[in-house]
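Notes follow once the structure below has been shown.
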Amino acid sequence: MEEQLTDQIQIRMEKLGKLQELGIKAYGEKYDKSHSISEIVKIFTNIGEEKSHESIKLAGRLMALRGHGKVIFADLRDRDGIIQLYLRKNDLGEKFELFKYLDIGDIIGVEGNVFKTKKGELTLYVTSFIPLSKCLKPLPEKWHGLKDTEIRYRKRYLDLVINPEVRHTFITRSKIVKAIRELLDMKGFCEFETPSMNLIAGGANARPFITHHNALDLDLYLRIATELHLKRLITGGLEKVYEIGRLYRNEGISTRHNPEFTTLEVYEAYTDYEGMMKLAEDIVSFVAEKTIGKYELVYQGKEVNLKPPYKRITMNEALKKYADLTISDLRNIDFARNKAKTLGIDGVEKMNVANLIDKIFEFTVEPHLIQPTFILDYPVELSPLAKKKDEDPFLTYRFELFIINFEIANAFSEINDPFDQRERFLEQMKQREAGDDEAHMLDEDFIESLEYGMPPTGGMGIGIDRISMLFTDSTSIRDVILFPLMKPKD
């Protein structure tokens, strides 16, 4: 197989040499397209066998070649579509012979007139063509495509060339981000950028990556959240802010986790987690309208309706319903550890109460959360940045939105009391000292910002990768990240 591949590369190199001998640039310059292929498909839907009078210029990659003596058929693909090419020696003269130096995978520019064949296939009758970039390595075999998952992730450019559904996935992801921005902008939010490197890793319970600034001889953390800087903007009077950006967490890799991922974080002054629930419904439903044109979708065979309003249930009610447990039960660490063991959860001896509650909920409740569901009122142990409930200080004004068994959004009524925030940070520091390296660090500067007065605020984070998985029917987060982190080959 390796020898055959080497032979094919050698043949392509010889064709490259021949083009160069003939004075033809195999790696061309700018090419002015008149249309994309998808535009041609729309414009000439009703054309017949008579050629169009308008001359069309297209560019793309050759994906198939079919020679019939003095006639060549080929398939040309650009980002959005594919069209058949028709070349005749009688029309192209000597230039027709140059086409034999082209290969599947080559990028070319073509000019001609559109018509439909007798079989009704939209075709470009080529009057001229020009090589734009020679493909020196054969593309994966047409019928089997590129199926090896590891190769697809390592060579995403090849995955995009071969698999149209992959291009569709990432175009859909782009539309999702665009739709979110469009909605938030319409609602009066402003998008800002906050630092990616920080002296303190704050805003989430997560293990950070550490880097070093040589000039200052200073260790810095890659951000694990944008939360604390965005809330400083709320204190500064900007009132409605958001950021769509990359976060970095030094954690394991799974179908739902990648160390580098993208989130939306949004904060609004003078509202609370009820306001964030309405905003979450608006965002998800607006994205559905803009990307798939309807509220109903099918994810891995399961039908989901994204039309608001969404179901609401407290964490305590959910635990009672699906596991016959309460949060109070799980605050007994011995009971919680025993329960976790019976569920097959690993590493329970090293877990604190917060970790145990979180894991037991994941194992017992999340499998039942198919339709959009808000889980409300998380325990204070799990929510170091959420405001305590007035009627029960052991719970917080926090929700998570689940769709198809996994978390899409996480939101709070934000703490704006500097004394309460300091107390929470100090409790987190005790957990760090006890060995929990994901517990929150003490951020004195953030506490000081609260001392200047932050208005009552609602805040929310939405995982862009996860919502992209939902709308593209993807089972792994790596399928919606263009270049996921991969372990180097030996």
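Chains: A, B, ... in order of the structure tokens. Residues: from 1 per chain. Ligands: from 1, in order shown.
Selecting strand (DSSP E or B) from the backbone DSSP output for segment 348-405 of chain A yields Thr373, Phe374, Ile375, Leu376, Pro379, Ala386, Lys388, Leu395, Thr396, Arg398, Phe399, Glu400, Leu401, Phe402 and Ile403 of chain A.
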Using N, CA and C atoms, can you export the residues from the last selection as a short mmCIF file (atom, residue, chain, number, x, y, z; two decimals), in the first residue's frame?
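Output below, filename out.cif:
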data_model
loop_
_atom_site.label_atom_id
_atom_site.label_comp_id
_atom_site.auth_asym_id
_atom_site.auth_seq_id
_atom_site.Cartn_x
_atom_site.Cartn_y
_atom_site.Cartn_z
N THR A 373 -34.60 21.13 30.06
CA THR A 373 -35.00 21.16 31.47
C THR A 373 -34.06 22.04 32.28
N PHE A 374 -34.63 22.97 33.04
CA PHE A 374 -33.84 23.76 33.98
C PHE A 374 -33.81 23.04 35.32
N ILE A 375 -32.61 22.72 35.79
CA ILE A 375 -32.42 22.21 37.14
C ILE A 375 -32.06 23.41 38.02
N LEU A 376 -32.88 23.67 39.05
CA LEU A 376 -32.75 24.89 39.84
C LEU A 376 -32.20 24.62 41.24
N PRO A 379 -26.95 23.30 45.63
CA PRO A 379 -26.41 23.50 46.98
C PRO A 379 -25.24 24.47 46.96
N ALA A 386 -22.46 31.89 43.35
CA ALA A 386 -23.89 32.13 43.24
C ALA A 386 -24.48 32.64 44.55
N LYS A 388 -26.86 33.11 47.71
CA LYS A 388 -27.65 32.16 48.52
C LYS A 388 -29.13 32.53 48.46
N LEU A 395 -28.86 26.62 49.94
CA LEU A 395 -29.07 26.52 48.50
C LEU A 395 -28.77 27.85 47.84
N THR A 396 -28.61 27.85 46.52
CA THR A 396 -28.27 29.07 45.81
C THR A 396 -29.23 29.31 44.65
N ARG A 398 -29.19 29.31 41.45
CA ARG A 398 -28.39 28.82 40.34
C ARG A 398 -29.21 27.81 39.56
N PHE A 399 -29.04 27.81 38.24
CA PHE A 399 -29.65 26.75 37.43
C PHE A 399 -28.64 26.24 36.41
N GLU A 400 -28.90 25.02 35.94
CA GLU A 400 -28.24 24.49 34.74
C GLU A 400 -29.33 24.04 33.78
N LEU A 401 -29.12 24.31 32.51
CA LEU A 401 -30.05 23.86 31.48
C LEU A 401 -29.50 22.59 30.85
N PHE A 402 -30.30 21.53 30.86
CA PHE A 402 -29.91 20.25 30.26
C PHE A 402 -30.78 19.97 29.04
N ILE A 403 -30.16 19.48 27.99
CA ILE A 403 -30.87 19.00 26.80
C ILE A 403 -30.15 17.73 26.34
#
With only C-alpha atoms as the counted atoms, please give the residues lying no more than 12 Å from Gly105 of chain A, apart from itself and same-chain residues fewer than 2 positions off, as a tab-separated table (two decimals) with C-alpha atoms, in the first residue's frame.
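This went into result-v2.tsv:
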chain	number	residue	atom	x	y	z
A	12	ARG	CA	1.76	13.60	-9.78
A	60	GLY	CA	-12.77	24.74	-6.73
A	61	ARG	CA	-11.27	21.30	-6.32
A	62	LEU	CA	-11.52	18.48	-8.86
A	63	MET	CA	-13.25	15.57	-7.16
A	64	ALA	CA	-13.75	13.19	-10.10
A	65	LEU	CA	-12.46	12.74	-13.65
A	74	ALA	CA	-15.24	16.11	-14.21
A	75	ASP	CA	-16.75	17.13	-10.87
A	76	LEU	CA	-15.78	20.48	-9.37
A	77	ARG	CA	-16.48	21.23	-5.70
A	78	ASP	CA	-16.29	24.50	-3.79
A	102	LEU	CA	-4.45	17.48	-13.84
A	103	ASP	CA	-5.44	15.06	-11.07
A	107	ILE	CA	-7.65	23.21	-7.55
A	108	ILE	CA	-8.57	24.93	-10.81
A	131	PRO	CA	-4.54	25.32	-12.79
A	132	LEU	CA	-4.46	27.13	-9.44
A	133	SER	CA	-2.87	24.59	-7.09
A	134	LYS	CA	-1.46	21.11	-7.73
A	135	CYS	CA	-2.47	18.35	-5.30
A	136	LEU	CA	0.64	16.21	-4.86
A	137	LYS	CA	-0.84	13.56	-2.56
A	138	PRO	CA	-3.82	11.40	-3.58
A	139	LEU	CA	-7.04	12.07	-1.70
A	140	PRO	CA	-8.52	9.14	0.26
A	141	GLU	CA	-10.31	6.65	-1.96
A	142	LYS	CA	-13.64	8.02	-3.15
A	158	LEU	CA	-8.45	16.42	4.62
A	161	VAL	CA	-12.13	18.04	1.64
A	162	ILE	CA	-13.54	14.50	1.64
Record the distance separating atom CA of Glu423 of chain A and atom CA of Asp219 of chain A, expressed in Å with one decimal.
-> 26.3 Å
Segment 133-232 of chain A residues near segment 441-455 of chain A within 10 Å, closest pair each, using only C-alpha atoms, as CSV:
residue,atom,partner,partner_atom,distance
A:Leu199,CA,A:Asp443,CA,9.4
A:Ile200,CA,A:Asp443,CA,6.8
A:Ala201,CA,A:Met441,CA,6.7
A:Gly202,CA,A:Met441,CA,6.4
A:Gly203,CA,A:Met441,CA,9.1
A:Ala204,CA,A:Met441,CA,9.4
A:Asn205,CA,A:Met441,CA,8.9
A:Leu228,CA,A:Phe446,CA,6.8
A:His229,CA,A:Phe446,CA,8.2
A:Lys231,CA,A:Met454,CA,8.0
A:Arg232,CA,A:Ser449,CA,6.5
Using only C-alpha atoms, please write the residues we just selected to a file, as a CSV table (one decimal), in the first residue's frame.
chain,number,residue,atom,x,y,z
A,199,LEU,CA,-2.4,36.1,37.8
A,200,ILE,CA,-5.3,34.1,39.4
A,201,ALA,CA,-7.3,31.4,37.8
A,202,GLY,CA,-10.9,32.3,38.7
A,203,GLY,CA,-14.5,32.1,37.8
A,204,ALA,CA,-14.9,28.3,37.9
A,205,ASN,CA,-13.8,25.1,39.7
A,228,LEU,CA,-14.7,37.6,37.1
A,229,HIS,CA,-13.4,40.1,34.5
A,231,LYS,CA,-18.4,41.1,36.4
A,232,ARG,CA,-15.8,43.9,36.9
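Counting only C-alpha atoms, Met469 of chain A has the following residues at most 12 Å away, ignoring those fewer than 6 positions along the same chain: Thr169, Phe170, Thr172, Arg173, Ile176, Thr255, Arg256, His257, Val298, Tyr299, Gln300, Ile403, Ile404, Phe406, Glu407, Ile408, Gly463, Thr475, Ser476, Ile477, Arg478, Asp479, Val480 and Ile481 of chain A.
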Put those residues in a file: N, CA and C atoms, as a CSV table (one decimal), in the first residue's frame.
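Writing done, so here's part.csv:
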chain,number,residue,atom,x,y,z
A,169,THR,N,-21.1,20.7,9.3
A,169,THR,CA,-21.1,20.8,10.7
A,169,THR,C,-20.4,22.1,11.1
A,170,PHE,N,-19.3,22.4,10.5
A,170,PHE,CA,-18.6,23.6,11.0
A,170,PHE,C,-19.2,24.9,10.4
A,172,THR,N,-22.4,25.2,10.2
A,172,THR,CA,-23.5,25.3,11.2
A,172,THR,C,-23.0,25.9,12.5
A,173,ARG,N,-21.9,25.5,12.9
A,173,ARG,CA,-21.3,26.1,14.1
A,173,ARG,C,-21.1,27.6,14.0
A,176,ILE,N,-24.3,29.3,14.3
A,176,ILE,CA,-24.8,29.3,15.7
A,176,ILE,C,-24.2,30.5,16.4
A,255,THR,N,-15.7,12.5,25.3
A,255,THR,CA,-16.6,12.9,24.2
A,255,THR,C,-17.3,14.3,24.5
A,256,ARG,N,-17.2,14.7,25.8
A,256,ARG,CA,-17.8,16.0,26.1
A,256,ARG,C,-16.8,17.0,26.7
A,257,HIS,N,-15.6,16.6,26.7
A,257,HIS,CA,-14.6,17.5,27.3
A,257,HIS,C,-13.3,17.6,26.4
A,298,VAL,N,-33.8,16.1,15.8
A,298,VAL,CA,-33.6,14.7,16.2
A,298,VAL,C,-32.1,14.6,16.6
A,299,TYR,N,-31.8,14.2,17.8
A,299,TYR,CA,-30.4,14.0,18.2
A,299,TYR,C,-30.2,12.5,18.5
A,300,GLN,N,-29.4,11.9,17.7
A,300,GLN,CA,-29.1,10.4,17.9
A,300,GLN,C,-30.4,9.6,18.1
A,403,ILE,N,-30.2,19.5,28.0
A,403,ILE,CA,-30.9,19.0,26.8
A,403,ILE,C,-30.2,17.7,26.3
A,404,ILE,N,-30.9,16.7,26.1
A,404,ILE,CA,-30.3,15.4,25.7
A,404,ILE,C,-29.2,15.0,26.6
A,406,PHE,N,-27.1,16.3,28.6
A,406,PHE,CA,-25.9,17.0,29.0
A,406,PHE,C,-26.2,18.5,29.2
A,407,GLU,N,-25.3,19.1,30.0
A,407,GLU,CA,-25.5,20.5,30.4
A,407,GLU,C,-25.2,21.4,29.2
A,408,ILE,N,-26.1,22.4,28.9
A,408,ILE,CA,-25.9,23.4,27.9
A,408,ILE,C,-25.5,24.7,28.5
A,463,GLY,N,-22.1,26.6,26.7
A,463,GLY,CA,-21.0,25.9,26.0
A,463,GLY,C,-21.3,25.9,24.5
A,475,THR,N,-21.8,13.3,18.3
A,475,THR,CA,-21.7,12.5,19.6
A,475,THR,C,-20.5,12.9,20.4
A,476,SER,N,-19.5,13.5,19.7
A,476,SER,CA,-18.2,13.8,20.4
A,476,SER,C,-17.9,15.3,20.2
A,477,ILE,N,-17.4,15.9,21.3
A,477,ILE,CA,-17.0,17.3,21.2
A,477,ILE,C,-15.9,17.6,20.1
A,478,ARG,N,-15.1,16.5,19.9
A,478,ARG,CA,-14.1,16.6,18.9
A,478,ARG,C,-14.7,16.8,17.5
A,479,ASP,N,-15.9,16.4,17.3
A,479,ASP,CA,-16.5,16.5,16.0
A,479,ASP,C,-16.9,18.0,15.7
A,480,VAL,N,-17.0,18.8,16.7
A,480,VAL,CA,-17.4,20.2,16.5
A,480,VAL,C,-16.2,21.2,16.8
A,481,ILE,N,-15.0,20.7,17.1
A,481,ILE,CA,-13.8,21.5,17.3
A,481,ILE,C,-12.9,21.2,16.1
Go through A:Lys70, A:Arg79, A:Thr123, A:Phe99 and flag the residue nearest Ile171 of chain A, using only C-alpha atoms for the distances.
-> A:Arg79
I'd like the contact shell of segment 208-210 of chain A - 12 Å cut-off, only C-alpha atoms, skipping same-chain residues fewer than 2 positions apart - returned as an mmCIF file with C-alpha atoms, in the first residue's frame.
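Dumped to out-v1.cif:
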data_model
loop_
_atom_site.group_PDB
_atom_site.id
_atom_site.type_symbol
_atom_site.label_atom_id
_atom_site.label_comp_id
_atom_site.auth_asym_id
_atom_site.auth_seq_id
_atom_site.Cartn_x
_atom_site.Cartn_y
_atom_site.Cartn_z
ATOM 1 C CA SER A 196 -6.532 35.069 28.434
ATOM 2 C CA MET A 197 -3.612 35.103 30.900
ATOM 3 C CA ASN A 198 -4.212 35.902 34.551
ATOM 4 C CA LEU A 199 -2.392 36.073 37.849
ATOM 5 C CA ILE A 200 -5.255 34.099 39.418
ATOM 6 C CA ALA A 201 -7.347 31.394 37.759
ATOM 7 C CA GLY A 202 -10.888 32.318 38.729
ATOM 8 C CA GLY A 203 -14.519 32.050 37.751
ATOM 9 C CA ALA A 204 -14.855 28.258 37.869
ATOM 10 C CA ASN A 205 -13.832 25.146 39.737
ATOM 11 C CA ALA A 206 -11.186 23.764 37.405
ATOM 12 C CA HIS A 212 5.494 31.772 32.239
ATOM 13 C CA HIS A 213 6.194 35.368 31.242
ATOM 14 C CA LEU A 218 6.089 35.586 36.401
ATOM 15 C CA ASP A 219 3.899 32.485 36.291
ATOM 16 C CA LEU A 220 0.496 33.108 34.726
ATOM 17 C CA TYR A 221 -2.639 31.007 34.359
ATOM 18 C CA LEU A 222 -4.551 30.512 31.133
ATOM 19 C CA ARG A 223 -8.112 31.523 31.898
ATOM 20 C CA ILE A 224 -10.591 28.895 33.025
ATOM 21 C CA ALA A 225 -13.507 31.344 32.749
ATOM 22 C CA LEU A 247 -11.191 28.740 27.844
ATOM 23 C CA TYR A 248 -8.473 26.335 28.969
ATOM 24 C CA ARG A 249 -8.882 23.674 31.640
ATOM 25 C CA ASN A 250 -6.256 21.102 32.488
ATOM 26 C CA GLU A 251 -8.643 18.180 32.598
ATOM 27 C CA PRO A 259 -8.903 21.041 27.379
ATOM 28 C CA GLU A 260 -9.476 23.985 25.029
ATOM 29 C CA ASP A 437 -6.764 21.540 43.102
ATOM 30 C CA GLU A 438 -9.945 22.458 41.225
ATOM 31 C CA ALA A 439 -11.289 24.580 44.096
ATOM 32 C CA HIS A 440 -11.479 28.331 43.541
ATOM 33 C CA MET A 441 -8.507 30.579 44.356
#
Closest contacts (segment 146-255 of chain A/segment 268-277 of chain A, max 12 Å, only C-alpha atoms) as a tab-separated table:
residue	atom	partner	partner_atom	distance
A:Leu184	CA	A:Glu268	CA	11.0
A:Lys187	CA	A:Glu268	CA	10.7
A:Gly188	CA	A:Glu268	CA	10.1
A:Phe189	CA	A:Glu268	CA	8.2
A:Cys190	CA	A:Glu268	CA	10.4
A:Leu230	CA	A:Glu268	CA	10.0
A:Lys231	CA	A:Glu268	CA	9.1
A:Arg232	CA	A:Ala269	CA	11.5
A:Leu233	CA	A:Ala269	CA	10.2
A:Ile234	CA	A:Ala269	CA	6.6
A:Thr235	CA	A:Ala269	CA	8.9
A:Gly236	CA	A:Ala269	CA	10.8
A:Gly237	CA	A:Ala269	CA	8.6
A:Leu238	CA	A:Ala269	CA	8.5
A:Glu239	CA	A:Ala269	CA	4.9
A:Lys240	CA	A:Glu268	CA	4.5
A:Val241	CA	A:Glu268	CA	6.6
A:Tyr242	CA	A:Glu268	CA	8.8
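Excluding Ile357 of chain A and any residue on its chain fewer than 3 positions from it, the residues at most 10 Å away by only C-alpha atoms are Leu319, Thr326, Ile327, Asp329, Leu330, Arg331, Ile333, Ala336, Arg337, Ala340, Met351, Asn352, Val353, Ala354, Ile360, Phe361, Glu362, Tyr378, Pro379, Glu381 and Leu382 of chain A.
Distances from A:Leu92, A:Ile43, A:Ile151, A:Val348 to Pro484 of chain A were compared using only C-alpha atoms, and the smallest one belongs to A:Ile151.
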Smallest atom-to-atom distance to Ile37 of chain A: which of A:Gly69, A:Gly17, A:Pro195, A:Gly81, using only C-alpha atoms?
-> A:Gly81
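Nearest residue to Ser285 of chain A, choosing from A:Ile370, A:Leu22, A:Leu385, A:Ile180 and counting only C-alpha atoms: A:Ile180.
Our summary of the geometry notes that atom CA of Leu85 of chain A is positioned 12.9 Å from atom CA of Ile40 of chain A.
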Would you return as a PyMOL selection string the members of segment 180-341 of chain A that DSSP assigns to helix (DSSP H, G or I) on this structure's backbone?
-> chain A and resi 180-186+227-235+273-291+315-323+327-330+333-341
Contact residues around Pro384 of chain A with only C-alpha atoms at 9 Å, ignoring same-chain residues under 4 positions, as a list of chain:residue names = A:Ala204, A:Asn205, A:Val380, A:Ile415, A:Gln421, A:Arg424, A:Phe425, A:Glu427, A:Gln428, A:His440
Please identify all polymer residues within 10 Å of Glu50 of chain A, counting only C-alpha atoms, omitting same-chain residues fewer than 2 positions from it, and present them as a list in words.
-> Ile47, Gly48, Ser52, His53, Asn113, Val114, Phe115, Lys116 and Thr117 of chain A
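Comparing the minimum interatomic distances between Leu470 of chain A and each of A:Pro456, A:Gly347, A:Pro372, A:Pro309, counting only C-alpha atoms, we find that A:Pro372 sits nearest.
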